[in-house]
Amino acid sequence: MKLLTHNMLTSHVKGVTKGYPLLIKATEVKVSEEEFNPNFVSRMIPKLEWSALVQAADGLGHLQDLPTELIADYEANEDFLRKVHRVLLEVEVLEGCLQCPESGREFPITRGVPNMLLNEEEA
Amino acid sequence: MAIHCSRTCLQYLIHLAHDNVDFRLPEIMALLSLRGKQFDPGENFEEKSPFWRLNGLSEEDVKSIMARTVCAKSAFELWGHGRTHSELRTSLLKYPTENMSPFLQKDSTYKINVYTFNKTLEFEDRIKKIDELEYLPFKGRVNLKNPKHTFSLLEDYGMDPNNIPETPLYIYFGRWISDGQRELIRSHSVKNRHFIGNTSMDAGLSFIMANHARVKAHDLVYDPFVGTGSLLVACSHFGAYVCGMDIDYNTIHGMGKASRKNQKWRGPDENIRANLRQYGSEKLYVDVLVSDASKAVWRDGVLFDAIVTDPPYGIRESTRRTGSQKDSVNSVKPFEDYVGDSHVPVSMAYHLSDIFTDLLNFSAHHLVIGGRLVYWLPIYRPEYCEEMVPLHPCLRLVSNCEQTLSSHTSRRLITMEKIKEPEETDALAHLSDPHFSVYQGHNAFREKYFSGISKRMLTGKEETNKIANGGE
């Protein structure tokens, strides 16, 4: 699971109102080099919840030099876009789980794939 | 007297393949709109014809369309056309020589092809037709192997293979610009794909869907019923980043029984990511999830550029969603090919009408403005009417193309475009007339699909009994 995806997922446990962002509890994380595409990163930035991204990266120990606040005029700032690219697409949680911040319910991540299915009582 | 035209006054001839005929116009229109251009056909436009003349385009526009289309075979800069060779000649002599001469230079090489639609022509006849064009001012040398410029004489012998005329109904002559992407149908064939399932989408149709959805580079595209990822393969081919979801744990993880004839179990390299890797687009793989498309796992504000999907019809794979025991009317038996714990606690029949209302509502909330939803809608043909296509106030219906599956069933590729953000007061997805909801009731489509078959079987049995009993 990449941090881009984590930024978009929320807990849908019945009755939960503050299910975002999910907490990441990772037992295996992989960092791999992916081709940098400034256009894509630039287009994704306005759709991200910035603080959730920073919190997630930090929680995994991969924050590095990513700014904690979104900077202005990022479209032309290749340096900044590269930092965002690294966090969004190069850090992958292979094993672990996502935890609902309100109910504590855990969604397992296996072989990089989160399982968001709920049981009948929780749905 | 030749009148000088600017380059945009030129007409371009598109030669289309004669399959998926209903899907061609929406594909070409979608690709034109990516260039900001309208579909502007020449007079006497016939959608079913394999030859379309288009106005108002530049050569760059045409090349861009041909770089994407799987419906069109080739495109030509049209120099002349007519119903007879005499008309063609008149037309060609009217074409401005200054538009011709850059391609007929003394020091360049060329080749002329003859193409006949709906007729086979002997080699000698082809040569004769080329010789008839001697009035054209070709100054260069012929080079059949590697010419600098290629020209085509295209003859249309109509669309009735049982009634082929002696002489062509229409003739075109033009300079070849570019071929389409029909080679993708072969190169990305599901037959050679690492990871397939029973319902993997055929390559040609998956590229058509990506084109109908106007998928482009740097987009983020989502498939809520991703299965084996065929649609993600096509969308990533055009440069989009892709993600998907499926309720079936085994399919997402590439486990369980294989779909190939001589293979029992899936190999370790069989999953969606491996498919993208096979075609060189792994860098565009974002994620796939195991989840229930009817549940709200994406937060507010998540926006996709396109949603491209083939929802389950409830025939070859069951339609399922998670739900509580008390909601499920009948007990549902587990589907055939699941291995071990499929991680779906209780499978409830996911009523087909709900799949589409959920899909349209989801799209209204999670598409960018101008973004498209492209999906298949299963149809029971004897009862179909346009009012059965689900609508939503935030989505505009762009196209509706039928692919026949059997005498009584077909599926329709529906394309919708988001035109505005949902407001509190907006009605949810609806049918224009609720009376037409054939999907109401427990898997009504599945019932109709199977009832057609069982009726025929029943009739057959009765007939056999009559004969066995020596008739009435």
# chains A, B, ... in the order shown; residues from 1 in each chain; ligands from 1
call {"tool": "select_by_dssp", "arguments": {"residues": "chain A", "states": "strand (DSSP E or B)", "output": "VMD selection string"}}
result
chain A and resid 2 9 23 to 31 91 to 99 106 to 110 113 to 115
call {"tool": "closest_residue", "arguments": {"among": "B:Glu27, B:Glu59, B:Asp300, B:Asp131", "to": "Tyr20 in chain A", "atoms": "only C-alpha atoms"}}
result
B:Asp300
call {"tool": "interface_residues", "arguments": {"of": "chain A", "to": "chain B", "cutoff": "10 Å", "atoms": "only C-alpha atoms", "output": "PyMOL selection string"}}
result
chain A and resi 1-13+19-21+33-44+46-49+88-89+92+109-123
call {"tool": "atom_distance", "arguments": {"atom1": "CA of Leu367 in chain B", "atom2": "CA of Asp223 in chain B"}}
result
12.2 Å
call {"tool": "select_by_dssp", "arguments": {"residues": "range 61-180 of chain B", "states": "helix (DSSP H, G or I)", "output": "PyMOL selection string"}}
result
chain B and resi 61-66+85-94+97-103+123-131
call {"tool": "residues_around", "arguments": {"residues": "Gln64 in chain A", "least_positions_apart": "2", "cutoff": "12 Å", "atoms": "only C-alpha atoms", "output": "PyMOL selection string"}}
result
chain A and resi 54-55+57-62+66-68+83-84+86-87+91
call {"tool": "write_last_selection", "arguments": {"atoms": "all heavy atoms", "output": "mmCIF file, in the first residue's frame"}}
result
data_model
loop_
_atom_site.group_PDB
_atom_site.id
_atom_site.type_symbol
_atom_site.label_atom_id
_atom_site.label_comp_id
_atom_site.auth_asym_id
_atom_site.auth_seq_id
_atom_site.Cartn_x
_atom_site.Cartn_y
_atom_site.Cartn_z
ATOM 1 N N VAL A 54 1.890 13.903 5.974
ATOM 2 C CA VAL A 54 3.072 14.127 6.811
ATOM 3 C C VAL A 54 3.063 13.165 7.998
ATOM 4 O O VAL A 54 4.070 12.524 8.325
ATOM 5 C CB VAL A 54 3.095 15.597 7.303
ATOM 6 C CG1 VAL A 54 4.151 15.795 8.372
ATOM 7 C CG2 VAL A 54 3.343 16.533 6.136
ATOM 8 N N GLN A 55 1.903 13.048 8.640
ATOM 9 C CA GLN A 55 1.768 12.173 9.810
ATOM 10 C C GLN A 55 2.083 10.722 9.438
ATOM 11 O O GLN A 55 2.782 10.014 10.170
ATOM 12 C CB GLN A 55 0.328 12.297 10.306
ATOM 13 C CG GLN A 55 0.050 11.668 11.638
ATOM 14 C CD GLN A 55 -1.455 11.729 11.955
ATOM 15 O OE1 GLN A 55 -2.251 12.322 11.229
ATOM 16 N NE2 GLN A 55 -1.839 11.081 13.015
ATOM 17 N N ALA A 57 3.887 9.557 6.834
ATOM 18 C CA ALA A 57 5.300 9.391 6.489
ATOM 19 C C ALA A 57 6.159 9.394 7.750
ATOM 20 O O ALA A 57 7.089 8.588 7.907
ATOM 21 C CB ALA A 57 5.736 10.498 5.540
ATOM 22 N N ASP A 58 5.820 10.296 8.645
ATOM 23 C CA ASP A 58 6.568 10.400 9.887
ATOM 24 C C ASP A 58 6.446 9.126 10.708
ATOM 25 O O ASP A 58 7.430 8.598 11.226
ATOM 26 C CB ASP A 58 6.042 11.604 10.680
ATOM 27 C CG ASP A 58 7.005 12.035 11.762
ATOM 28 O OD1 ASP A 58 8.224 11.810 11.604
ATOM 29 O OD2 ASP A 58 6.534 12.596 12.777
ATOM 30 N N GLY A 59 5.207 8.614 10.789
ATOM 31 C CA GLY A 59 4.951 7.391 11.545
ATOM 32 C C GLY A 59 5.775 6.212 11.046
ATOM 33 O O GLY A 59 6.137 5.312 11.813
ATOM 34 N N LEU A 60 6.090 6.225 9.751
ATOM 35 C CA LEU A 60 6.883 5.128 9.192
ATOM 36 C C LEU A 60 8.370 5.424 9.248
ATOM 37 O O LEU A 60 9.178 4.619 8.820
ATOM 38 C CB LEU A 60 6.469 4.878 7.735
ATOM 39 C CG LEU A 60 5.064 4.337 7.506
ATOM 40 C CD1 LEU A 60 4.782 4.238 6.018
ATOM 41 C CD2 LEU A 60 4.889 2.973 8.164
ATOM 42 N N GLY A 61 8.708 6.621 9.729
ATOM 43 C CA GLY A 61 10.117 7.000 9.780
ATOM 44 C C GLY A 61 10.656 7.424 8.437
ATOM 45 O O GLY A 61 11.868 7.397 8.200
ATOM 46 N N HIS A 62 9.765 7.831 7.540
ATOM 47 C CA HIS A 62 10.214 8.216 6.196
ATOM 48 C C HIS A 62 9.868 9.651 5.857
ATOM 49 O O HIS A 62 9.748 10.003 4.682
ATOM 50 C CB HIS A 62 9.603 7.263 5.161
ATOM 51 C CG HIS A 62 10.272 5.923 5.128
ATOM 52 N ND1 HIS A 62 11.476 5.709 4.497
ATOM 53 C CD2 HIS A 62 9.923 4.748 5.692
ATOM 54 C CE1 HIS A 62 11.830 4.437 4.659
ATOM 55 N NE2 HIS A 62 10.907 3.829 5.385
ATOM 56 N N LEU A 66 10.509 16.258 3.975
ATOM 57 C CA LEU A 66 9.237 16.735 3.429
ATOM 58 C C LEU A 66 8.700 17.847 4.326
ATOM 59 O O LEU A 66 8.587 17.673 5.538
ATOM 60 C CB LEU A 66 8.224 15.580 3.384
ATOM 61 C CG LEU A 66 6.880 15.900 2.748
ATOM 62 C CD1 LEU A 66 7.030 16.004 1.238
ATOM 63 C CD2 LEU A 66 5.845 14.840 3.106
ATOM 64 N N PRO A 67 8.368 19.022 3.758
ATOM 65 C CA PRO A 67 7.865 20.134 4.581
ATOM 66 C C PRO A 67 6.546 19.760 5.269
ATOM 67 O O PRO A 67 5.708 19.080 4.680
ATOM 68 C CB PRO A 67 7.633 21.261 3.566
ATOM 69 C CG PRO A 67 8.458 20.909 2.384
ATOM 70 C CD PRO A 67 8.555 19.417 2.348
ATOM 71 N N THR A 68 6.376 20.222 6.509
ATOM 72 C CA THR A 68 5.155 19.886 7.244
ATOM 73 C C THR A 68 3.980 20.738 6.798
ATOM 74 O O THR A 68 2.831 20.428 7.090
ATOM 75 C CB THR A 68 5.354 20.039 8.764
ATOM 76 O OG1 THR A 68 5.984 21.317 8.982
ATOM 77 C CG2 THR A 68 6.227 18.942 9.330
ATOM 78 N N LYS A 83 10.322 15.443 -3.540
ATOM 79 C CA LYS A 83 10.135 14.991 -2.153
ATOM 80 C C LYS A 83 8.737 14.401 -1.993
ATOM 81 O O LYS A 83 8.549 13.386 -1.318
ATOM 82 C CB LYS A 83 10.312 16.169 -1.179
ATOM 83 C CG LYS A 83 11.730 16.669 -1.111
ATOM 84 C CD LYS A 83 11.851 17.893 -0.185
ATOM 85 C CE LYS A 83 13.260 18.473 -0.286
ATOM 86 N NZ LYS A 83 13.362 19.784 0.344
ATOM 87 N N VAL A 84 7.757 15.069 -2.602
ATOM 88 C CA VAL A 84 6.380 14.576 -2.505
ATOM 89 C C VAL A 84 6.263 13.231 -3.226
ATOM 90 O O VAL A 84 5.646 12.291 -2.733
ATOM 91 C CB VAL A 84 5.390 15.597 -3.104
ATOM 92 C CG1 VAL A 84 3.968 15.090 -2.969
ATOM 93 C CG2 VAL A 84 5.533 16.950 -2.427
ATOM 94 N N ARG A 86 8.466 10.968 -3.656
ATOM 95 C CA ARG A 86 9.083 9.895 -2.860
ATOM 96 C C ARG A 86 8.095 9.388 -1.811
ATOM 97 O O ARG A 86 7.885 8.184 -1.663
ATOM 98 C CB ARG A 86 10.368 10.396 -2.191
ATOM 99 C CG ARG A 86 11.076 9.353 -1.334
ATOM 100 C CD ARG A 86 12.265 9.945 -0.588
ATOM 101 N NE ARG A 86 11.909 11.120 0.191
ATOM 102 C CZ ARG A 86 11.365 11.099 1.408
ATOM 103 N NH1 ARG A 86 11.113 9.944 2.001
ATOM 104 N NH2 ARG A 86 11.083 12.226 2.027
ATOM 105 N N VAL A 87 7.470 10.301 -1.124
ATOM 106 C CA VAL A 87 6.565 9.910 -0.047
ATOM 107 C C VAL A 87 5.282 9.266 -0.593
ATOM 108 O O VAL A 87 4.794 8.278 -0.058
ATOM 109 C CB VAL A 87 6.230 11.139 0.828
ATOM 110 C CG1 VAL A 87 5.089 10.838 1.759
ATOM 111 C CG2 VAL A 87 7.456 11.563 1.618
ATOM 112 N N VAL A 91 7.291 4.807 -1.034
ATOM 113 C CA VAL A 91 7.232 4.122 0.260
ATOM 114 C C VAL A 91 6.011 3.222 0.251
ATOM 115 O O VAL A 91 4.892 3.680 0.063
ATOM 116 C CB VAL A 91 7.123 5.142 1.416
ATOM 117 C CG1 VAL A 91 7.011 4.430 2.752
ATOM 118 C CG2 VAL A 91 8.300 6.106 1.389
#
call {"tool": "atom_distance", "arguments": {"atom1": "CA of Ile307 in chain B", "atom2": "CA of Tyr384 in chain B"}}
result
24.8 Å
call {"tool": "residues_around", "arguments": {"residues": "Thr109 in chain B", "least_positions_apart": "2", "cutoff": "12 Å", "atoms": "only C-alpha atoms", "output": "PyMOL selection string"}}
result
chain B and resi 102-107+111-112+138-151
call {"tool": "residues_around", "arguments": {"residues": "Tyr172 in chain B", "least_positions_apart": "6", "cutoff": "7 Å", "atoms": "only C-alpha atoms", "output": "mmCIF file with all heavy atoms, in the first residue's frame"}}
result
data_model
loop_
_atom_site.group_PDB
_atom_site.id
_atom_site.type_symbol
_atom_site.label_atom_id
_atom_site.label_comp_id
_atom_site.auth_asym_id
_atom_site.auth_seq_id
_atom_site.Cartn_x
_atom_site.Cartn_y
_atom_site.Cartn_z
ATOM 1 N N GLY B 80 -8.566 13.496 -53.245
ATOM 2 C CA GLY B 80 -9.675 13.472 -54.180
ATOM 3 C C GLY B 80 -10.604 12.311 -53.872
ATOM 4 O O GLY B 80 -10.233 11.345 -53.219
ATOM 5 N N HIS B 81 -11.842 12.449 -54.341
ATOM 6 C CA HIS B 81 -12.814 11.365 -54.141
ATOM 7 C C HIS B 81 -13.949 11.513 -55.136
ATOM 8 O O HIS B 81 -14.182 12.603 -55.701
ATOM 9 C CB HIS B 81 -13.341 11.354 -52.708
ATOM 10 C CG HIS B 81 -13.980 12.644 -52.254
ATOM 11 N ND1 HIS B 81 -15.342 12.793 -52.141
ATOM 12 C CD2 HIS B 81 -13.441 13.831 -51.885
ATOM 13 C CE1 HIS B 81 -15.606 14.023 -51.715
ATOM 14 N NE2 HIS B 81 -14.476 14.668 -51.564
ATOM 15 N N GLY B 82 -14.676 10.421 -55.371
ATOM 16 C CA GLY B 82 -15.804 10.473 -56.311
ATOM 17 C C GLY B 82 -16.438 9.114 -56.460
ATOM 18 O O GLY B 82 -15.941 8.111 -55.960
ATOM 19 N N LEU B 153 -5.071 4.371 -52.922
ATOM 20 C CA LEU B 153 -6.313 4.442 -53.674
ATOM 21 C C LEU B 153 -7.255 3.485 -52.951
ATOM 22 O O LEU B 153 -6.942 2.301 -52.817
ATOM 23 C CB LEU B 153 -6.084 3.982 -55.120
ATOM 24 C CG LEU B 153 -7.316 3.948 -55.998
ATOM 25 C CD1 LEU B 153 -7.742 5.362 -56.374
ATOM 26 C CD2 LEU B 153 -7.060 3.127 -57.269
ATOM 27 N N LEU B 154 -8.374 3.998 -52.446
ATOM 28 C CA LEU B 154 -9.279 3.142 -51.675
ATOM 29 C C LEU B 154 -10.614 3.065 -52.395
ATOM 30 O O LEU B 154 -11.201 4.097 -52.727
ATOM 31 C CB LEU B 154 -9.489 3.716 -50.267
ATOM 32 C CG LEU B 154 -8.206 3.913 -49.454
ATOM 33 C CD1 LEU B 154 -7.927 5.380 -49.210
ATOM 34 C CD2 LEU B 154 -8.276 3.188 -48.141
ATOM 35 N N GLU B 155 -11.071 1.839 -52.619
ATOM 36 C CA GLU B 155 -12.346 1.646 -53.318
ATOM 37 C C GLU B 155 -13.349 0.974 -52.393
ATOM 38 O O GLU B 155 -13.036 -0.025 -51.736
ATOM 39 C CB GLU B 155 -12.144 0.768 -54.559
ATOM 40 C CG GLU B 155 -11.287 1.429 -55.627
ATOM 41 C CD GLU B 155 -11.266 0.619 -56.918
ATOM 42 O OE1 GLU B 155 -11.400 -0.619 -56.841
ATOM 43 O OE2 GLU B 155 -11.133 1.219 -57.998
#
call {"tool": "residues_around", "arguments": {"residues": "Asp40 in chain B", "least_positions_apart": "4", "cutoff": "8 Å", "atoms": "only C-alpha atoms", "output": "list in words"}}
result
Leu54, Asn55 and Gly56 of chain B
call {"tool": "closest_residue", "arguments": {"among": "B:Ala274, B:Ile28, B:Ala210, B:Val308", "to": "Val226 in chain B", "atoms": "only C-alpha atoms"}}
result
B:Val308
call {"tool": "closest_residue", "arguments": {"among": "B:Lys48, B:Lys73, B:Arg412, B:His392", "to": "Leu184 in chain B", "atoms": "only C-alpha atoms"}}
result
B:Lys73
call {"tool": "atom_distance", "arguments": {"atom1": "CA of Val242 in chain B", "atom2": "CA of Arg214 in chain B"}}
result
14.0 Å
call {"tool": "residues_around", "arguments": {"residues": "Leu78 in chain B", "least_positions_apart": "3", "cutoff": "12 Å", "atoms": "only C-alpha atoms", "output": "PyMOL selection string"}}
result
chain B and resi 7+9-15+42+51-55+57+59+75+81-82+88+91-92+95-96+99-100+151-154+171-177
call {"tool": "write_last_selection", "arguments": {"atoms": "N, CA and C atoms", "output": "compact mmCIF listing (two decimals), in the first residue's frame"}}
result
# COMPACT_ATOMS: atom_id res chain seq x y z
N ARG B 7 -4.10 24.84 -44.54
CA ARG B 7 -4.01 23.42 -44.23
C ARG B 7 -5.25 22.91 -43.49
N CYS B 9 -8.26 23.52 -44.10
CA CYS B 9 -9.39 23.27 -44.99
C CYS B 9 -9.33 21.87 -45.55
N LEU B 10 -8.24 21.18 -45.32
CA LEU B 10 -8.09 19.85 -45.86
C LEU B 10 -9.09 18.90 -45.21
N GLN B 11 -9.48 17.90 -45.98
CA GLN B 11 -10.27 16.83 -45.41
C GLN B 11 -9.34 15.65 -45.15
N TYR B 12 -9.66 14.94 -44.08
CA TYR B 12 -8.91 13.72 -43.79
C TYR B 12 -9.84 12.54 -43.92
N LEU B 13 -9.34 11.46 -44.46
CA LEU B 13 -10.12 10.24 -44.60
C LEU B 13 -9.67 9.27 -43.53
N ILE B 14 -10.65 8.79 -42.75
CA ILE B 14 -10.34 7.76 -41.75
C ILE B 14 -10.89 6.45 -42.28
N HIS B 15 -10.06 5.43 -42.28
CA HIS B 15 -10.50 4.12 -42.70
C HIS B 15 -10.66 3.27 -41.45
N GLY B 42 -17.74 15.06 -43.49
CA GLY B 42 -18.10 15.56 -44.82
C GLY B 42 -19.54 15.20 -45.15
N PHE B 51 -15.48 4.22 -44.24
CA PHE B 51 -14.75 5.42 -44.65
C PHE B 51 -15.46 6.66 -44.15
N TRP B 52 -14.74 7.45 -43.36
CA TRP B 52 -15.29 8.71 -42.86
C TRP B 52 -14.40 9.85 -43.34
N ARG B 53 -15.03 10.93 -43.81
CA ARG B 53 -14.27 12.13 -44.17
C ARG B 53 -14.47 13.16 -43.07
N LEU B 54 -13.38 13.71 -42.56
CA LEU B 54 -13.48 14.67 -41.45
C LEU B 54 -12.91 16.02 -41.83
N ASN B 55 -13.64 17.09 -41.42
CA ASN B 55 -13.20 18.47 -41.68
C ASN B 55 -12.63 19.09 -40.42
N LEU B 57 -9.62 19.65 -39.19
CA LEU B 57 -8.55 19.08 -38.37
C LEU B 57 -7.19 19.41 -38.95
N GLU B 59 -3.03 18.07 -39.30
CA GLU B 59 -2.37 16.78 -39.39
C GLU B 59 -1.98 16.28 -37.99
N ALA B 75 -5.33 6.58 -41.48
CA ALA B 75 -5.83 7.92 -41.80
C ALA B 75 -5.04 8.47 -42.98
N HIS B 81 -11.84 12.45 -54.34
CA HIS B 81 -12.81 11.37 -54.14
C HIS B 81 -13.95 11.51 -55.14
N GLY B 82 -14.68 10.42 -55.37
CA GLY B 82 -15.80 10.47 -56.31
C GLY B 82 -16.44 9.11 -56.46
N LEU B 88 -13.24 10.94 -59.65
CA LEU B 88 -12.05 11.01 -58.84
C LEU B 88 -11.00 11.89 -59.53
N SER B 91 -11.81 15.47 -59.34
CA SER B 91 -11.58 15.91 -57.96
C SER B 91 -10.09 16.10 -57.70
N LEU B 92 -9.27 15.15 -58.18
CA LEU B 92 -7.82 15.23 -57.95
C LEU B 92 -7.22 16.42 -58.69
N TYR B 95 -7.59 19.57 -56.77
CA TYR B 95 -6.81 19.70 -55.53
C TYR B 95 -5.60 20.59 -55.78
N PRO B 96 -5.36 21.59 -54.94
CA PRO B 96 -4.28 22.56 -55.20
C PRO B 96 -2.93 21.89 -55.36
N ASN B 99 -0.43 22.06 -52.62
CA ASN B 99 -0.60 21.13 -51.50
C ASN B 99 -0.03 19.77 -51.83
N MET B 100 0.03 19.44 -53.11
CA MET B 100 0.54 18.13 -53.55
C MET B 100 2.06 18.13 -53.64
N PHE B 151 0.91 6.56 -50.70
CA PHE B 151 -0.41 7.02 -51.11
C PHE B 151 -1.33 5.82 -51.23
N SER B 152 -2.62 6.08 -51.07
CA SER B 152 -3.56 4.97 -51.19
C SER B 152 -4.71 5.34 -52.09
N LEU B 153 -5.07 4.37 -52.92
CA LEU B 153 -6.31 4.44 -53.67
C LEU B 153 -7.26 3.49 -52.95
N LEU B 154 -8.37 4.00 -52.45
CA LEU B 154 -9.28 3.14 -51.68
C LEU B 154 -10.61 3.06 -52.39
N ILE B 171 -14.84 6.02 -54.47
CA ILE B 171 -13.38 5.89 -54.56
C ILE B 171 -12.72 7.09 -53.89
N TYR B 172 -11.60 6.81 -53.19
CA TYR B 172 -10.85 7.87 -52.51
C TYR B 172 -9.38 7.76 -52.90
N PHE B 173 -8.68 8.90 -52.88
CA PHE B 173 -7.24 8.87 -53.06
C PHE B 173 -6.63 9.84 -52.05
N GLY B 174 -5.62 9.37 -51.33
CA GLY B 174 -5.03 10.27 -50.35
C GLY B 174 -3.62 9.87 -49.97
N ARG B 175 -2.97 10.77 -49.24
CA ARG B 175 -1.62 10.55 -48.75
C ARG B 175 -1.72 9.93 -47.36
N TRP B 176 -1.09 8.78 -47.18
CA TRP B 176 -1.14 8.09 -45.89
C TRP B 176 -0.47 8.91 -44.80
N ILE B 177 -1.20 9.09 -43.67
CA ILE B 177 -0.66 9.84 -42.54
C ILE B 177 -0.16 8.88 -41.47
call {"tool": "closest_residue", "arguments": {"among": "B:Thr415, B:Asn192, B:Thr404, B:Ser294", "to": "Ile355 in chain B", "atoms": "only C-alpha atoms"}}
result
B:Ser294
